[in-house]
Amino acid sequence: MKAKINVLFYLRKSKVNAIGRMPIFQRITVNGQRFDISTGHYVDESKWSSEISRMKGNSEEAHTVNSQLELFKANVYETEKRLFMKEVEITFESFKLEHLGKSERTRTLIPIFQDHNNKIKALIGKEYAPGTLERYVTSLKHTKDFLMWKYNITDIDITKIDHAFVTDYEFYLRTVRNCANLIQETEEGLIGKKILREEFADDLPKEIIERSKMSFDVGSGIRKLVVEYLTQNGKTEKQQLKEIWNNYFSEKIAKNDYFNSYPTFDIAIEKRGINHK
């Protein structure tokens, strides 16, 4: 979502200087939160227009001050542009840090992943076989491709890596990369998740680092949501699904055992209800 940024200038009347002039402050509002910055200029209150947030008249002083204020305003949108080019989400905190020149050093996924692979390469023949490095290199490629596929970016701040990122990555490997079984996944992609866990152990939530292997529908929480939705009125999943079936198909089809009798499926549904109530 695009950030909403507003800029205005005002006189801070509580800070009148020795000759009765008031300082001009810039107020920057980002998504409803604001911070103020002194422009370093002082003016007489009588020469200030609060309606247009500028000095009145065409005097040389007014021209100079108003030109400076335009530069202050332009710098705000330059900050927005820099964050956009860096592919950093524009929030109040990120904008303020960038605008005040206090940006924290951002740790991103790809350089850390590449550094990991470089260490593996240096240990080939000592602790690792060439095939291990090859799989890590392939996994890095999959990760870069995933970032473009999902977010249309080339790298990502590690603070943005959450449970949704991990499950989306797994979904990508299973579908787009067609990693259909566990062996293929381990060789061609899911080793990347192991790297993510190892490299970001100090930065990611414990539930991600220690998450056990599980199917996508369980790990993503989709199965739990489906079960809760179907059983919210006190009926079993099977009963609710039967109602949905009867509502959407003609009686001739709905009552035909050929279409609606699947014992194995019924058993799976009952077991799923027990495991995910």
# chains A, B, ... in the order shown; residues from 1 in each chain; ligands from 1
call {"tool": "residues_around", "arguments": {"residues": "Ser46 of chain A", "least_positions_apart": "5", "cutoff": "12 Å", "atoms": "only C-alpha atoms", "output": "compact mmCIF listing (two decimals) with all heavy atoms, in the first residue's frame"}}
result
# COMPACT_ATOMS: atom_id res chain seq x y z
N LEU A 11 4.78 28.17 12.41
CA LEU A 11 5.59 28.91 13.38
C LEU A 11 5.42 28.28 14.75
O LEU A 11 4.29 28.04 15.19
CB LEU A 11 5.16 30.37 13.43
CG LEU A 11 5.31 31.20 12.16
CD1 LEU A 11 4.96 32.66 12.46
CD2 LEU A 11 6.71 31.10 11.58
N GLY A 20 12.08 38.76 19.10
CA GLY A 20 10.65 38.59 18.86
C GLY A 20 10.27 37.78 17.65
O GLY A 20 9.08 37.72 17.27
N ARG A 21 11.24 37.15 17.00
CA ARG A 21 10.94 36.33 15.83
C ARG A 21 10.66 34.88 16.25
O ARG A 21 11.17 34.41 17.27
CB ARG A 21 12.08 36.38 14.82
CG ARG A 21 12.20 37.71 14.11
CD ARG A 21 13.16 37.62 12.93
NE ARG A 21 12.94 38.71 12.00
CZ ARG A 21 13.35 38.67 10.73
NH1 ARG A 21 14.01 37.60 10.28
NH2 ARG A 21 13.12 39.69 9.93
N MET A 22 9.88 34.19 15.40
CA MET A 22 9.49 32.80 15.71
C MET A 22 10.12 31.83 14.70
O MET A 22 10.23 32.16 13.51
CB MET A 22 7.97 32.66 15.68
CG MET A 22 7.25 33.55 16.68
SD MET A 22 5.45 33.39 16.56
CE MET A 22 4.95 34.56 17.83
N ARG A 54 3.72 29.79 4.19
CA ARG A 54 4.84 30.50 3.58
C ARG A 54 4.85 31.95 4.08
O ARG A 54 3.88 32.44 4.63
CB ARG A 54 4.73 30.50 2.05
CG ARG A 54 4.79 29.15 1.37
CD ARG A 54 6.15 28.49 1.48
NE ARG A 54 6.22 27.28 0.66
CZ ARG A 54 5.79 26.09 1.03
NH1 ARG A 54 5.24 25.95 2.24
NH2 ARG A 54 5.91 25.04 0.26
N MET A 55 5.97 32.63 3.81
CA MET A 55 6.03 34.05 4.12
C MET A 55 5.18 34.84 3.14
O MET A 55 5.04 34.46 1.98
CB MET A 55 7.48 34.55 4.06
CG MET A 55 8.32 34.18 5.28
SD MET A 55 9.89 35.13 5.32
CE MET A 55 9.28 36.78 5.70
N LYS A 56 4.64 35.93 3.61
CA LYS A 56 3.83 36.80 2.76
C LYS A 56 4.72 37.72 1.94
O LYS A 56 5.86 38.00 2.30
CB LYS A 56 2.91 37.66 3.62
CG LYS A 56 1.96 36.91 4.52
CD LYS A 56 1.20 37.91 5.41
CE LYS A 56 0.28 37.22 6.39
NZ LYS A 56 -0.39 38.20 7.30
N GLY A 57 4.16 38.23 0.85
CA GLY A 57 4.81 39.28 0.08
C GLY A 57 5.88 38.81 -0.88
O GLY A 57 6.14 37.61 -1.04
call {"tool": "select_by_dssp", "arguments": {"residues": "segment 13-203 of chain A", "states": "helix (DSSP H, G or I)", "output": "CSV table (one decimal) with N, CA and C atoms, in the first residue's frame"}}
result
chain,number,residue,atom,x,y,z
A,13,LYS,N,5.4,29.1,18.2
A,13,LYS,CA,5.2,30.3,18.9
A,13,LYS,C,5.8,30.2,20.3
A,14,SER,N,6.1,29.0,20.8
A,14,SER,CA,6.6,28.8,22.2
A,14,SER,C,8.1,29.1,22.2
A,15,LYS,N,8.7,29.3,21.0
A,15,LYS,CA,10.2,29.4,21.0
A,15,LYS,C,10.6,30.8,20.3
A,45,GLU,N,6.0,37.2,13.1
A,45,GLU,CA,4.6,36.5,12.9
A,45,GLU,C,3.8,37.3,11.9
A,46,SER,N,3.9,38.6,11.9
A,46,SER,CA,3.1,39.4,11.0
A,46,SER,C,3.4,39.1,9.5
A,47,LYS,N,4.5,38.6,9.2
A,47,LYS,CA,4.9,38.3,7.8
A,47,LYS,C,4.6,36.9,7.4
A,60,GLU,N,12.8,40.3,-0.7
A,60,GLU,CA,13.9,39.4,-0.9
A,60,GLU,C,13.9,38.4,0.2
A,61,GLU,N,13.6,38.8,1.4
A,61,GLU,CA,13.6,37.8,2.6
A,61,GLU,C,12.6,36.8,2.3
A,62,ALA,N,11.4,37.2,1.9
A,62,ALA,CA,10.3,36.2,1.6
A,62,ALA,C,10.7,35.2,0.5
A,63,HIS,N,11.3,35.8,-0.5
A,63,HIS,CA,11.7,34.9,-1.7
A,63,HIS,C,12.8,33.9,-1.2
A,64,THR,N,13.7,34.4,-0.4
A,64,THR,CA,14.8,33.5,0.1
A,64,THR,C,14.2,32.4,1.0
A,65,VAL,N,13.4,32.8,2.0
A,65,VAL,CA,12.9,31.8,2.9
A,65,VAL,C,12.0,30.8,2.2
A,66,ASN,N,11.1,31.3,1.4
A,66,ASN,CA,10.1,30.4,0.7
A,66,ASN,C,10.8,29.4,-0.2
A,67,SER,N,11.9,29.9,-0.8
A,67,SER,CA,12.7,29.0,-1.7
A,67,SER,C,13.3,27.9,-0.9
A,68,GLN,N,13.8,28.2,0.3
A,68,GLN,CA,14.4,27.2,1.2
A,68,GLN,C,13.3,26.2,1.7
A,69,LEU,N,12.1,26.7,1.9
A,69,LEU,CA,11.1,25.8,2.3
A,69,LEU,C,10.7,24.9,1.2
A,70,GLU,N,10.7,25.3,0.0
A,70,GLU,CA,10.5,24.4,-1.1
A,70,GLU,C,11.5,23.3,-1.2
A,71,LEU,N,12.8,23.6,-0.9
A,71,LEU,CA,13.8,22.6,-0.9
A,71,LEU,C,13.6,21.6,0.2
A,72,PHE,N,13.2,22.1,1.4
A,72,PHE,CA,12.8,21.2,2.5
A,72,PHE,C,11.7,20.2,2.1
A,73,LYS,N,10.7,20.8,1.4
A,73,LYS,CA,9.6,19.9,0.9
A,73,LYS,C,10.1,18.9,-0.1
A,74,ALA,N,10.9,19.3,-1.0
A,74,ALA,CA,11.4,18.5,-2.1
A,74,ALA,C,12.2,17.3,-1.5
A,75,ASN,N,13.0,17.6,-0.4
A,75,ASN,CA,13.8,16.6,0.3
A,75,ASN,C,12.9,15.5,0.8
A,76,VAL,N,11.7,15.8,1.3
A,76,VAL,CA,10.8,14.8,1.8
A,76,VAL,C,10.5,13.8,0.7
A,77,TYR,N,10.2,14.2,-0.5
A,77,TYR,CA,9.8,13.3,-1.5
A,77,TYR,C,11.0,12.6,-2.1
A,78,GLU,N,12.2,13.2,-1.9
A,78,GLU,CA,13.5,12.5,-2.3
A,78,GLU,C,13.7,11.3,-1.4
A,79,THR,N,13.3,11.5,-0.1
A,79,THR,CA,13.4,10.4,0.9
A,79,THR,C,12.5,9.3,0.5
A,80,GLU,N,11.3,9.6,0.1
A,80,GLU,CA,10.3,8.6,-0.3
A,80,GLU,C,10.9,7.9,-1.5
A,81,LYS,N,11.5,8.6,-2.5
A,81,LYS,CA,12.0,8.0,-3.7
A,81,LYS,C,13.1,7.0,-3.3
A,82,ARG,N,14.0,7.4,-2.4
A,82,ARG,CA,15.2,6.6,-2.0
A,82,ARG,C,14.7,5.3,-1.4
A,83,LEU,N,13.7,5.3,-0.5
A,83,LEU,CA,13.2,4.1,0.1
A,83,LEU,C,12.5,3.2,-1.0
A,84,PHE,N,11.8,3.8,-1.9
A,84,PHE,CA,11.2,3.1,-3.0
A,84,PHE,C,12.3,2.3,-3.8
A,85,MET,N,13.4,3.0,-4.1
A,85,MET,CA,14.4,2.4,-4.9
A,85,MET,C,15.2,1.3,-4.2
A,92,PHE,N,6.3,4.9,9.0
A,92,PHE,CA,6.7,6.1,9.8
A,92,PHE,C,8.2,5.9,10.2
A,93,GLU,N,8.5,4.7,10.8
A,93,GLU,CA,9.8,4.5,11.4
A,93,GLU,C,10.9,4.5,10.3
A,94,SER,N,10.6,3.8,9.2
A,94,SER,CA,11.7,3.7,8.1
A,94,SER,C,11.9,5.0,7.5
A,95,PHE,N,10.8,5.8,7.3
A,95,PHE,CA,10.9,7.1,6.7
A,95,PHE,C,11.7,8.1,7.6
A,96,LYS,N,11.3,8.1,8.8
A,96,LYS,CA,12.0,9.0,9.7
A,96,LYS,C,13.5,8.7,9.8
A,97,LEU,N,13.8,7.5,9.9
A,97,LEU,CA,15.3,7.1,10.0
A,97,LEU,C,16.0,7.5,8.8
A,98,GLU,N,15.4,7.3,7.6
A,98,GLU,CA,16.1,7.6,6.3
A,98,GLU,C,16.2,9.1,6.2
A,99,HIS,N,15.1,9.8,6.5
A,99,HIS,CA,15.1,11.3,6.3
A,99,HIS,C,16.1,12.0,7.2
A,109,LEU,N,18.7,-10.9,2.8
A,109,LEU,CA,18.8,-12.3,2.6
A,109,LEU,C,19.9,-12.8,1.7
A,110,ILE,N,20.0,-12.2,0.5
A,110,ILE,CA,20.8,-12.8,-0.6
A,110,ILE,C,22.3,-12.7,-0.2
A,111,PRO,N,22.8,-11.5,0.3
A,111,PRO,CA,24.3,-11.5,0.7
A,111,PRO,C,24.6,-12.5,1.8
A,112,ILE,N,23.7,-12.7,2.7
A,112,ILE,CA,24.0,-13.6,3.8
A,112,ILE,C,24.0,-15.1,3.2
A,113,PHE,N,23.0,-15.3,2.3
A,113,PHE,CA,23.0,-16.7,1.7
A,113,PHE,C,24.2,-16.9,0.9
A,114,GLN,N,24.7,-15.9,0.1
A,114,GLN,CA,25.9,-16.0,-0.7
A,114,GLN,C,27.1,-16.2,0.2
A,115,ASP,N,27.2,-15.5,1.3
A,115,ASP,CA,28.3,-15.7,2.2
A,115,ASP,C,28.4,-17.1,2.8
A,116,HIS,N,27.2,-17.6,3.1
A,116,HIS,CA,27.1,-19.0,3.5
A,116,HIS,C,27.7,-20.0,2.5
A,117,ASN,N,27.3,-19.7,1.2
A,117,ASN,CA,27.8,-20.6,0.1
A,117,ASN,C,29.3,-20.4,-0.1
A,118,ASN,N,29.8,-19.2,0.1
A,118,ASN,CA,31.3,-19.0,0.0
A,118,ASN,C,32.0,-19.8,1.0
A,119,LYS,N,31.5,-19.9,2.2
A,119,LYS,CA,32.1,-20.6,3.3
A,119,LYS,C,32.1,-22.1,3.0
A,120,ILE,N,31.0,-22.6,2.4
A,120,ILE,CA,30.9,-24.0,2.0
A,120,ILE,C,32.0,-24.3,0.9
A,121,LYS,N,32.1,-23.4,0.0
A,121,LYS,CA,33.1,-23.5,-1.1
A,121,LYS,C,34.5,-23.7,-0.6
A,122,ALA,N,34.8,-22.8,0.4
A,122,ALA,CA,36.1,-22.9,1.0
A,122,ALA,C,36.4,-24.1,1.8
A,130,PRO,N,31.7,-31.6,-3.3
A,130,PRO,CA,31.3,-30.7,-4.3
A,130,PRO,C,29.8,-30.7,-4.6
A,131,GLY,N,29.2,-31.9,-4.4
A,131,GLY,CA,27.8,-32.0,-4.6
A,131,GLY,C,27.0,-31.1,-3.7
A,132,THR,N,27.5,-31.0,-2.4
A,132,THR,CA,26.8,-30.2,-1.4
A,132,THR,C,26.8,-28.7,-1.8
A,133,LEU,N,27.9,-28.2,-2.3
A,133,LEU,CA,28.0,-26.8,-2.8
A,133,LEU,C,27.0,-26.6,-4.0
A,134,GLU,N,27.0,-27.6,-4.9
A,134,GLU,CA,26.1,-27.5,-6.0
A,134,GLU,C,24.6,-27.4,-5.6
A,135,ARG,N,24.2,-28.1,-4.6
A,135,ARG,CA,22.9,-28.0,-4.1
A,135,ARG,C,22.6,-26.7,-3.4
A,136,TYR,N,23.6,-26.2,-2.7
A,136,TYR,CA,23.4,-24.9,-2.1
A,136,TYR,C,23.3,-23.8,-3.1
A,137,VAL,N,24.1,-23.9,-4.2
A,137,VAL,CA,24.1,-22.9,-5.3
A,137,VAL,C,22.7,-22.9,-6.0
A,138,THR,N,22.2,-24.1,-6.2
A,138,THR,CA,20.9,-24.3,-6.8
A,138,THR,C,19.8,-23.7,-5.9
A,139,SER,N,19.9,-23.9,-4.6
A,139,SER,CA,19.0,-23.4,-3.6
A,139,SER,C,19.0,-21.9,-3.6
A,140,LEU,N,20.1,-21.3,-3.7
A,140,LEU,CA,20.2,-19.8,-3.8
A,140,LEU,C,19.5,-19.3,-5.0
A,141,LYS,N,19.7,-20.0,-6.1
A,141,LYS,CA,19.0,-19.6,-7.4
A,141,LYS,C,17.5,-19.7,-7.2
A,142,HIS,N,17.0,-20.8,-6.6
A,142,HIS,CA,15.6,-20.9,-6.3
A,142,HIS,C,15.1,-19.7,-5.4
A,143,THR,N,15.9,-19.4,-4.5
A,143,THR,CA,15.5,-18.3,-3.6
A,143,THR,C,15.4,-17.0,-4.3
A,144,LYS,N,16.4,-16.7,-5.2
A,144,LYS,CA,16.3,-15.4,-6.0
A,144,LYS,C,15.1,-15.4,-6.9
A,145,ASP,N,14.8,-16.6,-7.5
A,145,ASP,CA,13.7,-16.7,-8.4
A,145,ASP,C,12.4,-16.5,-7.6
A,146,PHE,N,12.3,-17.1,-6.4
A,146,PHE,CA,11.1,-17.0,-5.6
A,146,PHE,C,10.9,-15.5,-5.2
A,147,LEU,N,11.9,-14.7,-4.9
A,147,LEU,CA,11.7,-13.3,-4.5
A,147,LEU,C,11.1,-12.5,-5.7
A,148,MET,N,11.6,-12.9,-6.9
A,148,MET,CA,11.0,-12.2,-8.1
A,148,MET,C,9.6,-12.7,-8.4
A,149,TRP,N,9.4,-14.0,-8.2
A,149,TRP,CA,8.0,-14.5,-8.5
A,149,TRP,C,7.0,-14.0,-7.5
A,150,LYS,N,7.3,-13.9,-6.2
A,150,LYS,CA,6.4,-13.6,-5.2
A,150,LYS,C,6.3,-12.0,-5.0
A,151,TYR,N,7.4,-11.4,-4.9
A,151,TYR,CA,7.5,-10.0,-4.5
A,151,TYR,C,8.0,-9.0,-5.6
A,158,ILE,N,15.9,-9.1,6.2
A,158,ILE,CA,15.6,-10.3,6.9
A,158,ILE,C,14.5,-10.1,8.0
A,159,THR,N,14.3,-8.8,8.4
A,159,THR,CA,13.2,-8.6,9.3
A,159,THR,C,11.8,-8.8,8.7
A,160,LYS,N,11.8,-8.9,7.4
A,160,LYS,CA,10.5,-9.2,6.7
A,160,LYS,C,10.3,-10.7,6.5
A,163,HIS,N,6.6,-16.2,9.1
A,163,HIS,CA,6.0,-17.5,8.8
A,163,HIS,C,5.4,-17.6,7.4
A,164,ALA,N,4.8,-16.5,7.0
A,164,ALA,CA,4.2,-16.4,5.7
A,164,ALA,C,5.2,-16.6,4.6
A,165,PHE,N,6.4,-16.0,4.8
A,165,PHE,CA,7.5,-16.1,3.8
A,165,PHE,C,7.9,-17.5,3.6
A,166,VAL,N,8.1,-18.2,4.8
A,166,VAL,CA,8.5,-19.6,4.7
A,166,VAL,C,7.5,-20.5,4.0
A,167,THR,N,6.2,-20.3,4.4
A,167,THR,CA,5.2,-21.2,3.8
A,167,THR,C,5.0,-20.9,2.3
A,168,ASP,N,5.1,-19.6,1.9
A,168,ASP,CA,5.0,-19.2,0.5
A,168,ASP,C,6.2,-19.8,-0.3
A,169,TYR,N,7.4,-19.8,0.4
A,169,TYR,CA,8.6,-20.4,-0.3
A,169,TYR,C,8.4,-21.9,-0.5
A,170,GLU,N,7.8,-22.6,0.5
A,170,GLU,CA,7.5,-24.0,0.4
A,170,GLU,C,6.5,-24.2,-0.7
A,171,PHE,N,5.5,-23.4,-0.8
A,171,PHE,CA,4.5,-23.5,-1.8
A,171,PHE,C,5.1,-23.4,-3.2
A,172,TYR,N,6.0,-22.4,-3.3
A,172,TYR,CA,6.7,-22.1,-4.6
A,172,TYR,C,7.5,-23.3,-5.0
A,173,LEU,N,8.2,-23.9,-4.1
A,173,LEU,CA,9.1,-25.1,-4.4
A,173,LEU,C,8.2,-26.3,-4.9
A,174,ARG,N,7.1,-26.4,-4.2
A,174,ARG,CA,6.2,-27.6,-4.5
A,174,ARG,C,5.5,-27.4,-5.9
A,182,LEU,N,9.8,-35.6,-1.2
A,182,LEU,CA,10.7,-35.1,-0.2
A,182,LEU,C,12.1,-35.2,-0.7
A,183,ILE,N,12.5,-36.3,-1.4
A,183,ILE,CA,13.9,-36.4,-1.9
A,183,ILE,C,14.2,-35.3,-2.8
A,184,GLN,N,13.3,-35.1,-3.8
A,184,GLN,CA,13.6,-34.0,-4.7
A,184,GLN,C,13.6,-32.6,-4.1
A,185,GLU,N,12.7,-32.4,-3.1
A,185,GLU,CA,12.7,-31.2,-2.4
A,185,GLU,C,14.0,-30.9,-1.7
A,186,THR,N,14.5,-31.9,-1.0
A,186,THR,CA,15.7,-31.8,-0.3
A,186,THR,C,16.9,-31.5,-1.2
A,187,GLU,N,16.9,-32.1,-2.4
A,187,GLU,CA,18.0,-31.9,-3.3
A,187,GLU,C,17.9,-30.6,-4.1
A,188,GLU,N,16.7,-30.1,-4.3
A,188,GLU,CA,16.6,-29.0,-5.2
A,188,GLU,C,16.0,-27.7,-4.6
A,191,ILE,N,16.5,-27.4,1.0
A,191,ILE,CA,17.7,-27.2,1.7
A,191,ILE,C,17.9,-25.7,2.0
A,192,GLY,N,17.3,-24.9,1.1
A,192,GLY,CA,17.3,-23.5,1.3
A,192,GLY,C,16.7,-23.1,2.6
A,193,LYS,N,15.6,-23.7,3.0
A,193,LYS,CA,14.9,-23.4,4.2
A,193,LYS,C,15.9,-23.7,5.4
A,194,LYS,N,16.6,-24.8,5.2
A,194,LYS,CA,17.6,-25.1,6.3
A,194,LYS,C,18.6,-24.0,6.4
A,195,ILE,N,19.1,-23.5,5.3
A,195,ILE,CA,20.0,-22.4,5.4
A,195,ILE,C,19.4,-21.1,6.0
A,196,LEU,N,18.1,-20.9,5.7
A,196,LEU,CA,17.4,-19.7,6.3
A,196,LEU,C,17.4,-19.9,7.8
A,197,ARG,N,17.1,-21.1,8.2
A,197,ARG,CA,17.0,-21.3,9.7
A,197,ARG,C,18.3,-21.2,10.4
A,198,GLU,N,19.4,-21.7,9.7
A,198,GLU,CA,20.7,-21.6,10.3
A,198,GLU,C,21.2,-20.2,10.4
A,199,GLU,N,21.1,-19.5,9.2
A,199,GLU,CA,21.7,-18.2,9.1
A,199,GLU,C,21.0,-17.1,9.9
call {"tool": "atom_distance", "arguments": {"atom1": "atom CA of Ile90 of chain A", "atom2": "atom CA of Ile52 of chain A"}}
result
27.0 Å
call {"tool": "residues_around", "arguments": {"residues": "segment 29-36 of chain A", "least_positions_apart": "5", "cutoff": "7 Å", "atoms": "only C-alpha atoms", "output": "number ranges by chain"}}
result
A: 3-7, 92
call {"tool": "atom_distance", "arguments": {"atom1": "atom CA of Ile153 of chain A", "atom2": "atom CA of Glu87 of chain A"}}
result
7.3 Å
call {"tool": "atom_distance", "arguments": {"atom1": "atom CA of Thr39 of chain A", "atom2": "atom CA of Leu100 of chain A"}}
result
13.0 Å
call {"tool": "decode", "arguments": {"residues": "segment 149-172 of chain A", "atoms": "N, CA and C atoms", "output": "CSV table (one decimal), in the first residue's frame"}}
result
chain,number,residue,atom,x,y,z
A,149,TRP,N,9.4,-14.0,-8.2
A,149,TRP,CA,8.0,-14.5,-8.5
A,149,TRP,C,7.0,-14.0,-7.5
A,150,LYS,N,7.3,-13.9,-6.2
A,150,LYS,CA,6.4,-13.6,-5.2
A,150,LYS,C,6.3,-12.0,-5.0
A,151,TYR,N,7.4,-11.4,-4.9
A,151,TYR,CA,7.5,-10.0,-4.5
A,151,TYR,C,8.0,-9.0,-5.6
A,152,ASN,N,8.5,-9.6,-6.7
A,152,ASN,CA,9.1,-8.8,-7.8
A,152,ASN,C,10.3,-7.9,-7.2
A,153,ILE,N,11.1,-8.5,-6.4
A,153,ILE,CA,12.3,-7.8,-5.8
A,153,ILE,C,13.5,-8.8,-5.9
A,154,THR,N,14.7,-8.2,-5.8
A,154,THR,CA,15.9,-9.0,-6.0
A,154,THR,C,16.5,-9.4,-4.6
A,155,ASP,N,16.0,-8.8,-3.5
A,155,ASP,CA,16.5,-9.1,-2.2
A,155,ASP,C,15.5,-8.7,-1.2
A,156,ILE,N,15.6,-9.1,0.1
A,156,ILE,CA,14.6,-8.8,1.1
A,156,ILE,C,15.3,-8.6,2.4
A,157,ASP,N,14.8,-7.6,3.2
A,157,ASP,CA,15.3,-7.4,4.5
A,157,ASP,C,14.9,-8.6,5.4
A,158,ILE,N,15.9,-9.1,6.2
A,158,ILE,CA,15.6,-10.3,6.9
A,158,ILE,C,14.5,-10.1,8.0
A,159,THR,N,14.3,-8.8,8.4
A,159,THR,CA,13.2,-8.6,9.3
A,159,THR,C,11.8,-8.8,8.7
A,160,LYS,N,11.8,-8.9,7.4
A,160,LYS,CA,10.5,-9.2,6.7
A,160,LYS,C,10.3,-10.7,6.5
A,161,ILE,N,11.2,-11.5,6.9
A,161,ILE,CA,11.1,-13.0,6.7
A,161,ILE,C,10.3,-13.5,7.9
A,162,ASP,N,9.1,-13.9,7.7
A,162,ASP,CA,8.2,-14.4,8.7
A,162,ASP,C,7.6,-15.8,8.3
A,163,HIS,N,6.6,-16.2,9.1
A,163,HIS,CA,6.0,-17.5,8.8
A,163,HIS,C,5.4,-17.6,7.4
A,164,ALA,N,4.8,-16.5,7.0
A,164,ALA,CA,4.2,-16.4,5.7
A,164,ALA,C,5.2,-16.6,4.6
A,165,PHE,N,6.4,-16.0,4.8
A,165,PHE,CA,7.5,-16.1,3.8
A,165,PHE,C,7.9,-17.5,3.6
A,166,VAL,N,8.1,-18.2,4.8
A,166,VAL,CA,8.5,-19.6,4.7
A,166,VAL,C,7.5,-20.5,4.0
A,167,THR,N,6.2,-20.3,4.4
A,167,THR,CA,5.2,-21.2,3.8
A,167,THR,C,5.0,-20.9,2.3
A,168,ASP,N,5.1,-19.6,1.9
A,168,ASP,CA,5.0,-19.2,0.5
A,168,ASP,C,6.2,-19.8,-0.3
A,169,TYR,N,7.4,-19.8,0.4
A,169,TYR,CA,8.6,-20.4,-0.3
A,169,TYR,C,8.4,-21.9,-0.5
A,170,GLU,N,7.8,-22.6,0.5
A,170,GLU,CA,7.5,-24.0,0.4
A,170,GLU,C,6.5,-24.2,-0.7
A,171,PHE,N,5.5,-23.4,-0.8
A,171,PHE,CA,4.5,-23.5,-1.8
A,171,PHE,C,5.1,-23.4,-3.2
A,172,TYR,N,6.0,-22.4,-3.3
A,172,TYR,CA,6.7,-22.1,-4.6
A,172,TYR,C,7.5,-23.3,-5.0
